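A.B. asks: File input_14.cif follows (mmCIF, C-alpha atoms (C1' of nucleotides)):
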```cif
data_query
loop_
_atom_site.label_atom_id
_atom_site.label_comp_id
_atom_site.auth_asym_id
_atom_site.auth_seq_id
_atom_site.Cartn_x
_atom_site.Cartn_y
_atom_site.Cartn_z
CA MET H 24 31.23 -13.06 -33.99
CA ASP H 25 30.99 -13.38 -30.25
CA ILE H 26 31.63 -16.89 -29.00
CA LYS H 27 31.15 -16.19 -25.31
CA GLN H 28 27.92 -15.29 -23.59
CA SER H 29 26.45 -14.79 -20.13
CA THR H 30 27.06 -17.73 -17.85
CA ASP H 31 23.57 -17.40 -16.38
CA ALA H 32 21.84 -17.56 -19.73
CA THR H 33 23.95 -20.50 -20.80
CA ALA H 34 23.25 -22.29 -17.55
CA PHE H 35 19.51 -21.91 -17.98
CA LYS H 36 19.68 -23.21 -21.54
CA GLN H 37 21.79 -26.16 -20.56
CA ARG H 38 19.44 -27.04 -17.74
CA ILE H 39 16.55 -27.00 -20.19
CA PHE H 40 18.50 -29.48 -22.30
CA PHE H 41 19.25 -31.53 -19.24
CA ALA H 42 15.59 -31.57 -18.26
CA LEU H 43 14.45 -32.66 -21.69
CA SER H 44 17.09 -35.36 -22.08
CA GLU H 45 15.22 -37.56 -19.61
CA PRO H 46 12.23 -39.40 -21.16
CA GLY H 47 9.93 -38.91 -18.19
CA ARG H 48 10.54 -35.18 -17.95
CA TYR H 49 10.37 -34.83 -21.73
CA THR H 50 6.93 -36.45 -21.67
CA ILE H 51 5.76 -34.30 -18.79
CA VAL H 52 6.82 -31.07 -20.47
CA ARG H 53 5.44 -32.16 -23.82
CA MET H 54 2.10 -33.06 -22.29
CA LEU H 55 1.84 -29.84 -20.32
CA TYR H 56 2.51 -27.88 -23.46
CA HIS H 57 0.00 -29.71 -25.62
CA VAL H 58 -2.68 -29.70 -22.97
CA GLY H 59 -2.20 -25.97 -22.75
CA HIS H 60 -3.25 -25.45 -19.16
CA GLU H 61 -2.20 -26.52 -15.71
CA MET H 62 -2.53 -30.16 -14.76
CA GLY H 63 -2.95 -31.90 -11.42
CA CYS H 64 -0.17 -34.23 -10.36
CA ASN H 65 -2.59 -37.14 -10.30
CA GLU H 66 -3.68 -36.29 -13.83
CA LEU H 67 -0.04 -36.35 -14.87
CA ASN H 68 0.47 -39.66 -13.13
CA GLN H 69 -2.42 -41.17 -15.07
CA HIS H 70 -0.77 -40.34 -18.37
CA VAL H 71 2.90 -40.88 -17.64
CA GLU H 72 3.06 -43.96 -15.41
CA ILE H 73 5.98 -43.20 -13.17
CA ASP H 74 6.20 -44.05 -9.48
CA LYS H 75 4.82 -41.16 -7.45
CA SER H 76 8.12 -40.46 -5.70
CA THR H 77 9.96 -40.49 -9.00
CA MET H 78 7.34 -38.15 -10.41
CA SER H 79 7.84 -35.88 -7.44
CA TYR H 80 11.57 -35.94 -8.04
CA HIS H 81 11.20 -35.01 -11.70
CA LEU H 82 8.74 -32.25 -10.92
CA ARG H 83 11.10 -30.85 -8.34
CA THR H 84 13.88 -30.90 -10.92
CA LEU H 85 11.70 -29.05 -13.42
CA ARG H 86 10.64 -26.57 -10.74
CA GLU H 87 14.20 -25.88 -9.64
CA ILE H 88 15.24 -25.29 -13.22
CA GLY H 89 12.35 -22.89 -13.53
CA MET H 90 10.45 -24.67 -16.26
CA ILE H 91 7.31 -25.25 -14.23
CA THR H 92 5.44 -23.64 -11.36
CA THR H 93 3.31 -25.49 -8.87
CA ARG H 94 0.24 -24.36 -7.01
CA THR H 95 -1.27 -26.07 -3.99
CA GLN H 96 -5.01 -26.35 -3.53
CA GLY H 97 -6.10 -28.42 -0.61
CA ARG H 98 -4.05 -31.57 -0.78
CA GLN H 99 -3.70 -31.43 -4.52
CA LYS H 100 -0.96 -29.78 -6.51
CA PHE H 101 -1.30 -28.26 -9.91
CA VAL H 102 1.54 -27.87 -12.35
CA THR H 103 1.91 -25.07 -14.87
CA LEU H 104 4.45 -24.99 -17.65
CA ASN H 105 6.35 -21.69 -17.76
CA THR H 106 5.86 -21.43 -21.47
CA ASP H 107 6.83 -17.78 -21.82
CA LYS H 108 10.09 -18.23 -19.99
CA ILE H 109 11.08 -21.14 -22.20
CA GLU H 110 9.87 -19.44 -25.35
CA ALA H 111 12.00 -16.43 -24.43
CA VAL H 112 15.21 -18.41 -24.76
CA PHE H 113 14.15 -21.00 -27.32
CA PRO H 114 11.23 -19.71 -29.36
CA GLY H 115 9.38 -22.46 -31.15
CA LEU H 116 11.06 -25.25 -29.26
CA LEU H 117 8.07 -26.43 -27.25
CA GLU H 118 5.83 -26.93 -30.25
CA ARG H 119 8.52 -29.13 -31.79
CA LEU H 120 8.75 -31.53 -28.89
CA MET N 14 -4.41 -33.21 -30.06
CA ASP N 15 -2.02 -36.08 -30.53
CA ILE N 16 0.18 -36.71 -27.53
CA LYS N 17 2.17 -39.61 -28.96
CA GLN N 18 4.67 -39.44 -31.79
CA SER N 19 7.21 -41.59 -33.58
CA THR N 20 9.69 -43.20 -31.23
CA ASP N 21 12.53 -42.60 -33.67
CA ALA N 22 11.87 -38.90 -33.97
CA THR N 23 11.53 -38.55 -30.22
CA ALA N 24 14.73 -40.48 -29.67
CA PHE N 25 16.68 -38.18 -31.97
CA LYS N 26 15.30 -35.11 -30.26
CA GLN N 27 16.09 -36.44 -26.82
CA ARG N 28 19.60 -37.30 -27.85
CA ILE N 29 20.07 -33.76 -29.09
CA PHE N 30 19.02 -32.57 -25.64
CA PHE N 31 21.32 -35.07 -24.05
CA ALA N 32 24.21 -33.89 -26.19
CA LEU N 33 23.65 -30.25 -25.37
CA SER N 34 23.20 -30.81 -21.63
CA GLU N 35 26.94 -31.37 -21.27
CA PRO N 36 28.97 -28.14 -21.18
CA GLY N 37 31.81 -29.45 -23.31
CA ARG N 38 29.54 -30.71 -26.05
CA TYR N 39 27.40 -27.59 -25.84
CA THR N 40 30.49 -25.48 -26.43
CA ILE N 41 31.67 -27.65 -29.30
CA VAL N 42 28.33 -27.49 -31.09
CA ARG N 43 27.96 -23.77 -30.43
CA MET N 44 31.41 -23.06 -31.77
CA LEU N 45 30.94 -25.19 -34.87
CA TYR N 46 27.72 -23.35 -35.61
CA HIS N 47 29.14 -19.89 -35.14
CA VAL N 48 32.30 -20.60 -37.06
CA GLY N 49 30.08 -21.79 -39.89
CA HIS N 50 32.45 -24.28 -41.46
CA GLU N 51 34.28 -27.46 -40.56
CA MET N 52 36.96 -27.32 -37.90
CA GLY N 53 40.00 -29.47 -37.26
CA CYS N 54 40.05 -31.38 -33.97
CA ASN N 55 43.17 -29.57 -32.90
CA GLU N 56 41.49 -26.25 -33.66
CA LEU N 57 38.62 -27.36 -31.42
CA ASN N 58 41.04 -28.41 -28.71
CA GLN N 59 42.62 -24.98 -28.73
CA HIS N 60 39.33 -23.32 -27.99
CA VAL N 61 37.67 -25.79 -25.65
CA GLU N 62 40.44 -27.08 -23.39
CA ILE N 63 39.38 -30.65 -22.74
CA ASP N 64 41.71 -33.62 -22.50
CA LYS N 65 42.17 -35.11 -25.95
CA SER N 66 40.65 -38.47 -25.03
CA THR N 67 37.66 -36.74 -23.47
CA MET N 68 37.31 -34.63 -26.58
CA SER N 69 37.40 -37.78 -28.67
CA TYR N 70 34.70 -39.27 -26.44
CA HIS N 71 32.44 -36.24 -26.83
CA LEU N 72 32.97 -36.11 -30.58
CA ARG N 73 32.12 -39.78 -30.84
CA THR N 74 28.95 -39.14 -28.87
CA LEU N 75 27.99 -36.29 -31.18
CA ARG N 76 28.81 -38.41 -34.23
CA GLU N 77 26.74 -41.36 -33.02
CA ILE N 78 23.81 -39.10 -32.34
CA GLY N 79 24.20 -37.77 -35.84
CA MET N 80 24.88 -34.15 -34.99
CA ILE N 81 28.32 -34.02 -36.58
CA THR N 82 30.21 -35.69 -39.40
CA THR N 83 33.95 -36.23 -39.45
CA ARG N 84 36.30 -36.33 -42.37
CA THR N 85 39.85 -37.63 -42.31
CA GLN N 86 42.64 -35.92 -44.20
CA GLY N 87 46.05 -37.31 -43.61
CA ARG N 88 46.36 -37.64 -39.87
CA GLN N 89 44.00 -34.80 -39.15
CA LYS N 90 40.27 -35.02 -38.67
CA PHE N 91 37.80 -32.33 -39.56
CA VAL N 92 34.44 -31.95 -37.92
CA THR N 93 31.31 -30.64 -39.61
CA LEU N 94 28.11 -29.74 -37.83
CA ASN N 95 25.07 -31.34 -39.46
CA THR N 96 23.20 -28.07 -39.36
CA ASP N 97 20.42 -29.05 -41.76
CA LYS N 98 19.58 -32.20 -39.89
CA ILE N 99 19.31 -30.33 -36.61
CA GLU N 100 17.43 -27.44 -38.17
CA ALA N 101 14.96 -29.95 -39.58
CA VAL N 102 13.80 -31.01 -36.14
CA PHE N 103 14.47 -27.82 -34.18
CA PRO N 104 14.52 -24.85 -36.52
CA GLY N 105 16.19 -21.83 -35.00
CA LEU N 106 17.67 -23.74 -32.10
CA LEU N 107 21.31 -23.53 -33.13
CA GLU N 108 21.35 -19.78 -33.46
CA ARG N 109 19.98 -19.51 -29.93
CA LEU N 110 22.73 -21.53 -28.31
"C1'" DT I 1 -10.61 -37.71 16.62
"C1'" DT I 2 -9.55 -41.12 13.36
"C1'" DT I 3 -8.70 -42.45 8.81
"C1'" DA I 4 -7.69 -41.86 4.02
"C1'" DT I 5 -5.58 -39.25 0.36
"C1'" DA I 6 -1.96 -36.46 -2.14
"C1'" DG I 7 2.39 -35.58 -2.45
"C1'" DT I 8 7.29 -34.87 -0.41
"C1'" DT I 9 11.65 -36.28 1.57
"C1'" DT I 10 15.02 -39.54 2.92
"C1'" DT I 11 17.79 -43.25 2.06
"C1'" DA I 12 19.99 -46.75 -0.34
"C1'" DA I 13 20.90 -49.11 -4.50
"C1'" DA I 14 21.36 -49.36 -9.40
"C1'" DT I 15 22.53 -47.26 -13.54
"C1'" DT I 16 24.56 -44.00 -16.47
"C1'" DT I 17 27.93 -40.66 -17.62
"C1'" DA I 18 32.36 -38.18 -17.59
"C1'" DT I 19 37.24 -38.15 -16.98
"C1'" DC I 20 41.90 -39.33 -17.84
"C1'" DA I 21 46.03 -42.30 -18.14
"C1'" DA I 22 48.02 -45.66 -20.94
"C1'" DA I 23 48.22 -48.41 -24.84
"C1'" DC I 24 47.17 -48.36 -29.54
"C1'" DA I 25 46.52 -47.25 -34.71
"C1'" DA I 26 47.62 -44.56 -38.74
"C1'" DT I 27 49.85 -41.20 -41.25
"C1'" DG I 28 53.61 -37.83 -42.40
"C1'" DA I 29 58.41 -36.29 -41.84
"C1'" DG I 30 63.33 -36.95 -41.60
"C1'" DC K 4 63.00 -47.49 -41.41
"C1'" DT K 5 62.41 -44.65 -37.32
"C1'" DC K 6 60.34 -41.02 -34.96
"C1'" DA K 7 56.86 -37.67 -34.05
"C1'" DT K 8 52.10 -36.31 -34.49
"C1'" DT K 9 47.01 -36.84 -34.45
"C1'" DG K 10 43.47 -38.96 -32.73
"C1'" DT K 11 41.05 -43.42 -30.99
"C1'" DT K 12 40.14 -47.11 -27.77
"C1'" DT K 13 40.45 -49.46 -23.45
"C1'" DG K 14 40.04 -49.76 -18.73
"C1'" DA K 15 39.58 -48.10 -14.33
"C1'" DT K 16 37.62 -44.67 -11.37
"C1'" DA K 17 34.90 -40.97 -9.94
"C1'" DA K 18 30.81 -38.42 -10.14
"C1'" DA K 19 26.15 -37.62 -11.26
"C1'" DT K 20 21.55 -39.29 -12.06
"C1'" DT K 21 17.53 -42.22 -11.64
"C1'" DT K 22 14.66 -45.25 -9.19
"C1'" DA K 23 11.62 -46.90 -5.60
"C1'" DA K 24 10.57 -48.26 -0.83
"C1'" DA K 25 9.56 -46.37 3.52
"C1'" DA K 26 8.70 -42.80 6.56
"C1'" DC K 27 6.70 -38.41 6.80
"C1'" DT K 28 3.64 -33.93 6.29
"C1'" DA K 29 -0.54 -31.81 5.43
"C1'" DT K 30 -5.19 -31.59 4.35
"C1'" DA K 31 -9.92 -33.52 3.71
"C1'" DA K 32 -13.42 -36.58 5.03
"C1'" DA K 33 -15.98 -39.57 8.10
#
```
Show this structure as structure tokens.
C.D. replies:
Amino acid sequence: MDIKQSTDATAFKQRIFFALSEPGRYTIVRMLYHVGHEMGCNELNQHVEIDKSTMSYHLRTLREIGMITTRTQGRQKFVTLNTDKIEAVFPGLLERL
Amino acid sequence: MDIKQSTDATAFKQRIFFALSEPGRYTIVRMLYHVGHEMGCNELNQHVEIDKSTMSYHLRTLREIGMITTRTQGRQKFVTLNTDKIEAVFPGLLERL
DNA sequence: TTTATAGTTTTAAATTTATCAAACAATGAG
DNA sequence: CTCATTGTTTGATAAATTTAAAACTATAAA
């Protein structure tokens, strides 16, 4: 029984937990997963009701952790959930959110 | 596709994430799971190396969330991971920690 | 070019969380 | 009873996190 594990892997897992411990980010991730495709930031804003700068902050947090990817088109940004990456470490987690 | 869900269920899930976002608590939960049976607080202290009052604080947090249960025997306390309860909301999560 | 829109960054303040020393219970041992 | 042990609670501080206003960047539209 091996108690220790790679620091990197652990760090990623813990940051996923950190991300999901905040209600706003939890809702964002949950919505992205259930919608099943990328969403525009404005679309997210309509559903979540967070100040735009706070939203930007949370999205940056999720991006830095590696849970989402953003794409710019014109002056809009689209957010994609990195489902595979999350599933790789915690299979079945997203559908339970 | 239902985006909303019970507040209670969501709260429990988020508190699990909160609990596991802290390295000390993450380690405690991970160890309890892998050991597979209850552990004495002192036994935990030997493995985790946290100040005893901080350990007590983290264990109280985990207890209040409902992730562990404690039993007193003499002047020792034994900690049990509420595996079933956690598995019920996030099956397979514990073994991936 | 000018104006409006979409989103980011900065900054400051508020809130939450983690840490540890010290005082405190409660139990067992001598 | 007295002392040592195990763990909790309190209180004070430090550190991290969240929030939102304001200034800013970049692009589209008029």
A.B. asks: What would the list of residues within 12 Å of (36.1, -36.0, -24.5) (file frame) look like as a list in words, if all atoms listed in the file are what count?
C.D. replies: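 Every residue inside that radius is included here: Glu35, Pro36, Gly37, Arg38, Ile41, Cys54, Leu57, Asn58, Val61, Glu62, Ile63, Asp64, Lys65, Ser66, Thr67, Met68, Ser69, Tyr70, His71, Leu72, Arg73, Thr74 and Leu75 of chain N; DT17, DA18, DT19 and DC20 of chain I; DG10 and DT11 of chain K.
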A.B. asks: If you apply the PyMOL selection byres ((chain N and resi 81) around 7) to this file, what residues do you get, as number ranges by chain?
C.D. replies: N: 75-76, 79-80, 82-83, 92-95
A.B. asks: Suppose you want the space between CA of Thr95 (chain H) and C1' of DA4 (chain I); what is it in Å?
C.D. replies: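 The value is 18.8 Å.
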A.B. asks: Near region 5-14 of chain I, counting only C-alpha atoms (C1' of nucleotides), which residues have an atom at most 10 Å away, once you skip same-chain residues fewer than 2 positions from it, shown as a short mmCIF file (atom, residue, chain, number, x, y, z; two decimals) with C-alpha atoms (C1' of nucleotides), keeping the file's coordinate frame?
C.D. replies:
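The resulting out.cif:
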```
data_model
loop_
_atom_site.label_atom_id
_atom_site.label_comp_id
_atom_site.auth_asym_id
_atom_site.auth_seq_id
_atom_site.Cartn_x
_atom_site.Cartn_y
_atom_site.Cartn_z
CA CYS H 64 -0.17 -34.23 -10.36
CA ASN H 65 -2.59 -37.14 -10.30
CA LYS H 75 4.82 -41.16 -7.45
CA SER H 76 8.12 -40.46 -5.70
CA MET H 78 7.34 -38.15 -10.41
CA SER H 79 7.84 -35.88 -7.44
CA TYR H 80 11.57 -35.94 -8.04
CA ARG H 83 11.10 -30.85 -8.34
CA GLY H 97 -6.10 -28.42 -0.61
CA ARG H 98 -4.05 -31.57 -0.78
CA GLN H 99 -3.70 -31.43 -4.52
CA LYS H 100 -0.96 -29.78 -6.51
"C1'" DT I 3 -8.70 -42.45 8.81
"C1'" DT I 16 24.56 -44.00 -16.47
"C1'" DT K 21 17.53 -42.22 -11.64
"C1'" DT K 22 14.66 -45.25 -9.19
"C1'" DA K 23 11.62 -46.90 -5.60
"C1'" DA K 24 10.57 -48.26 -0.83
"C1'" DA K 25 9.56 -46.37 3.52
"C1'" DA K 26 8.70 -42.80 6.56
"C1'" DC K 27 6.70 -38.41 6.80
"C1'" DT K 28 3.64 -33.93 6.29
"C1'" DA K 29 -0.54 -31.81 5.43
"C1'" DT K 30 -5.19 -31.59 4.35
"C1'" DA K 31 -9.92 -33.52 3.71
"C1'" DA K 32 -13.42 -36.58 5.03
#
```
A.B. asks: Counting only C-alpha atoms (C1' of nucleotides), figure out which residue out of N:Thr23, N:Glu56, N:Tyr39, N:Leu33 gets nearest to chain K.
C.D. replies: N:Glu56
A.B. asks: Please check the contacts: residues of chain N at most 6 Å away from chain H, using all atoms listed in the file, listed as a PyMOL selection string.
C.D. replies: chain N and resi 27+30-31+34
A.B. asks: Since the input is missing atoms for region 70-100 of chain N, could you rebuild it with N, CA and C atoms and give the result as a PDB file, in the frame of the given file?
C.D. replies:
```pdb
ATOM      1  N   TYR N  70      35.925 -38.649 -26.975  1.00  0.00           N
ATOM      2  CA  TYR N  70      34.700 -39.270 -26.440  1.00  0.00           C
ATOM      3  C   TYR N  70      33.472 -38.411 -26.774  1.00  0.00           C
ATOM      4  N   HIS N  71      33.582 -37.114 -26.556  1.00  0.00           N
ATOM      5  CA  HIS N  71      32.440 -36.240 -26.830  1.00  0.00           C
ATOM      6  C   HIS N  71      32.134 -36.178 -28.331  1.00  0.00           C
ATOM      7  N   LEU N  72      33.191 -36.145 -29.133  1.00  0.00           N
ATOM      8  CA  LEU N  72      32.970 -36.110 -30.580  1.00  0.00           C
ATOM      9  C   LEU N  72      32.341 -37.410 -31.060  1.00  0.00           C
ATOM     10  N   ARG N  73      32.738 -38.507 -30.469  1.00  0.00           N
ATOM     11  CA  ARG N  73      32.120 -39.780 -30.840  1.00  0.00           C
ATOM     12  C   ARG N  73      30.644 -39.768 -30.477  1.00  0.00           C
ATOM     13  N   THR N  74      30.346 -39.259 -29.291  1.00  0.00           N
ATOM     14  CA  THR N  74      28.950 -39.140 -28.870  1.00  0.00           C
ATOM     15  C   THR N  74      28.151 -38.318 -29.861  1.00  0.00           C
ATOM     16  N   LEU N  75      28.681 -37.162 -30.232  1.00  0.00           N
ATOM     17  CA  LEU N  75      27.990 -36.290 -31.180  1.00  0.00           C
ATOM     18  C   LEU N  75      27.843 -36.964 -32.549  1.00  0.00           C
ATOM     19  N   ARG N  76      28.856 -37.723 -32.935  1.00  0.00           N
ATOM     20  CA  ARG N  76      28.810 -38.410 -34.230  1.00  0.00           C
ATOM     21  C   ARG N  76      27.747 -39.504 -34.212  1.00  0.00           C
ATOM     22  N   GLU N  77      27.718 -40.268 -33.112  1.00  0.00           N
ATOM     23  CA  GLU N  77      26.740 -41.360 -33.020  1.00  0.00           C
ATOM     24  C   GLU N  77      25.310 -40.837 -32.974  1.00  0.00           C
ATOM     25  N   ILE N  78      25.134 -39.715 -32.364  1.00  0.00           N
ATOM     26  CA  ILE N  78      23.810 -39.100 -32.340  1.00  0.00           C
ATOM     27  C   ILE N  78      23.438 -38.612 -33.731  1.00  0.00           C
ATOM     28  N   GLY N  79      24.438 -38.246 -34.488  1.00  0.00           N
ATOM     29  CA  GLY N  79      24.200 -37.770 -35.840  1.00  0.00           C
ATOM     30  C   GLY N  79      24.268 -36.258 -35.974  1.00  0.00           C
ATOM     31  N   MET N  80      24.824 -35.613 -34.958  1.00  0.00           N
ATOM     32  CA  MET N  80      24.880 -34.150 -34.990  1.00  0.00           C
ATOM     33  C   MET N  80      26.102 -33.622 -35.732  1.00  0.00           C
ATOM     34  N   ILE N  81      27.127 -34.432 -35.838  1.00  0.00           N
ATOM     35  CA  ILE N  81      28.320 -34.020 -36.580  1.00  0.00           C
ATOM     36  C   ILE N  81      28.746 -35.123 -37.545  1.00  0.00           C
ATOM     37  N   THR N  82      29.601 -34.744 -38.469  1.00  0.00           N
ATOM     38  CA  THR N  82      30.210 -35.690 -39.400  1.00  0.00           C
ATOM     39  C   THR N  82      31.696 -35.407 -39.380  1.00  0.00           C
ATOM     40  N   THR N  83      32.495 -36.447 -39.469  1.00  0.00           N
ATOM     41  CA  THR N  83      33.950 -36.230 -39.450  1.00  0.00           C
ATOM     42  C   THR N  83      34.561 -36.733 -40.760  1.00  0.00           C
ATOM     43  N   ARG N  84      35.594 -36.032 -41.135  1.00  0.00           N
ATOM     44  CA  ARG N  84      36.300 -36.330 -42.370  1.00  0.00           C
ATOM     45  C   ARG N  84      37.776 -36.441 -42.018  1.00  0.00           C
ATOM     46  N   THR N  85      38.435 -37.429 -42.588  1.00  0.00           N
ATOM     47  CA  THR N  85      39.850 -37.630 -42.310  1.00  0.00           C
ATOM     48  C   THR N  85      40.684 -37.142 -43.487  1.00  0.00           C
ATOM     49  N   GLN N  86      41.705 -36.371 -43.158  1.00  0.00           N
ATOM     50  CA  GLN N  86      42.640 -35.920 -44.200  1.00  0.00           C
ATOM     51  C   GLN N  86      44.029 -36.079 -43.629  1.00  0.00           C
ATOM     52  N   GLY N  87      44.737 -37.018 -44.184  1.00  0.00           N
ATOM     53  CA  GLY N  87      46.050 -37.310 -43.610  1.00  0.00           C
ATOM     54  C   GLY N  87      45.864 -37.813 -42.198  1.00  0.00           C
ATOM     55  N   ARG N  88      46.557 -37.210 -41.251  1.00  0.00           N
ATOM     56  CA  ARG N  88      46.360 -37.640 -39.870  1.00  0.00           C
ATOM     57  C   ARG N  88      45.519 -36.642 -39.080  1.00  0.00           C
ATOM     58  N   GLN N  89      44.885 -35.755 -39.822  1.00  0.00           N
ATOM     59  CA  GLN N  89      44.000 -34.800 -39.150  1.00  0.00           C
ATOM     60  C   GLN N  89      42.556 -35.209 -39.382  1.00  0.00           C
ATOM     61  N   LYS N  90      41.705 -34.793 -38.489  1.00  0.00           N
ATOM     62  CA  LYS N  90      40.270 -35.020 -38.670  1.00  0.00           C
ATOM     63  C   LYS N  90      39.569 -33.677 -38.632  1.00  0.00           C
ATOM     64  N   PHE N  91      38.591 -33.554 -39.492  1.00  0.00           N
ATOM     65  CA  PHE N  91      37.800 -32.330 -39.560  1.00  0.00           C
ATOM     66  C   PHE N  91      36.358 -32.640 -39.211  1.00  0.00           C
ATOM     67  N   VAL N  92      35.784 -31.741 -38.448  1.00  0.00           N
ATOM     68  CA  VAL N  92      34.440 -31.950 -37.920  1.00  0.00           C
ATOM     69  C   VAL N  92      33.481 -30.968 -38.557  1.00  0.00           C
ATOM     70  N   THR N  93      32.358 -31.487 -39.041  1.00  0.00           N
ATOM     71  CA  THR N  93      31.310 -30.640 -39.610  1.00  0.00           C
ATOM     72  C   THR N  93      30.041 -30.799 -38.797  1.00  0.00           C
ATOM     73  N   LEU N  94      29.396 -29.689 -38.509  1.00  0.00           N
ATOM     74  CA  LEU N  94      28.110 -29.740 -37.830  1.00  0.00           C
ATOM     75  C   LEU N  94      27.018 -30.034 -38.856  1.00  0.00           C
ATOM     76  N   ASN N  95      26.172 -30.998 -38.553  1.00  0.00           N
ATOM     77  CA  ASN N  95      25.070 -31.340 -39.460  1.00  0.00           C
ATOM     78  C   ASN N  95      23.897 -30.373 -39.231  1.00  0.00           C
ATOM     79  N   THR N  96      24.157 -29.150 -39.609  1.00  0.00           N
ATOM     80  CA  THR N  96      23.200 -28.070 -39.360  1.00  0.00           C
ATOM     81  C   THR N  96      21.797 -28.367 -39.892  1.00  0.00           C
ATOM     82  N   ASP N  97      21.732 -28.799 -41.143  1.00  0.00           N
ATOM     83  CA  ASP N  97      20.420 -29.050 -41.760  1.00  0.00           C
ATOM     84  C   ASP N  97      19.598 -30.071 -41.003  1.00  0.00           C
ATOM     85  N   LYS N  98      20.273 -31.119 -40.590  1.00  0.00           N
ATOM     86  CA  LYS N  98      19.580 -32.200 -39.890  1.00  0.00           C
ATOM     87  C   LYS N  98      19.004 -31.709 -38.562  1.00  0.00           C
ATOM     88  N   ILE N  99      19.766 -30.870 -37.889  1.00  0.00           N
ATOM     89  CA  ILE N  99      19.310 -30.330 -36.610  1.00  0.00           C
ATOM     90  C   ILE N  99      18.227 -29.291 -36.829  1.00  0.00           C
ATOM     91  N   GLU N 100      18.438 -28.456 -37.845  1.00  0.00           N
ATOM     92  CA  GLU N 100      17.430 -27.440 -38.170  1.00  0.00           C
ATOM     93  C   GLU N 100      16.100 -28.087 -38.541  1.00  0.00           C
TER      94      GLU N 100
END
```
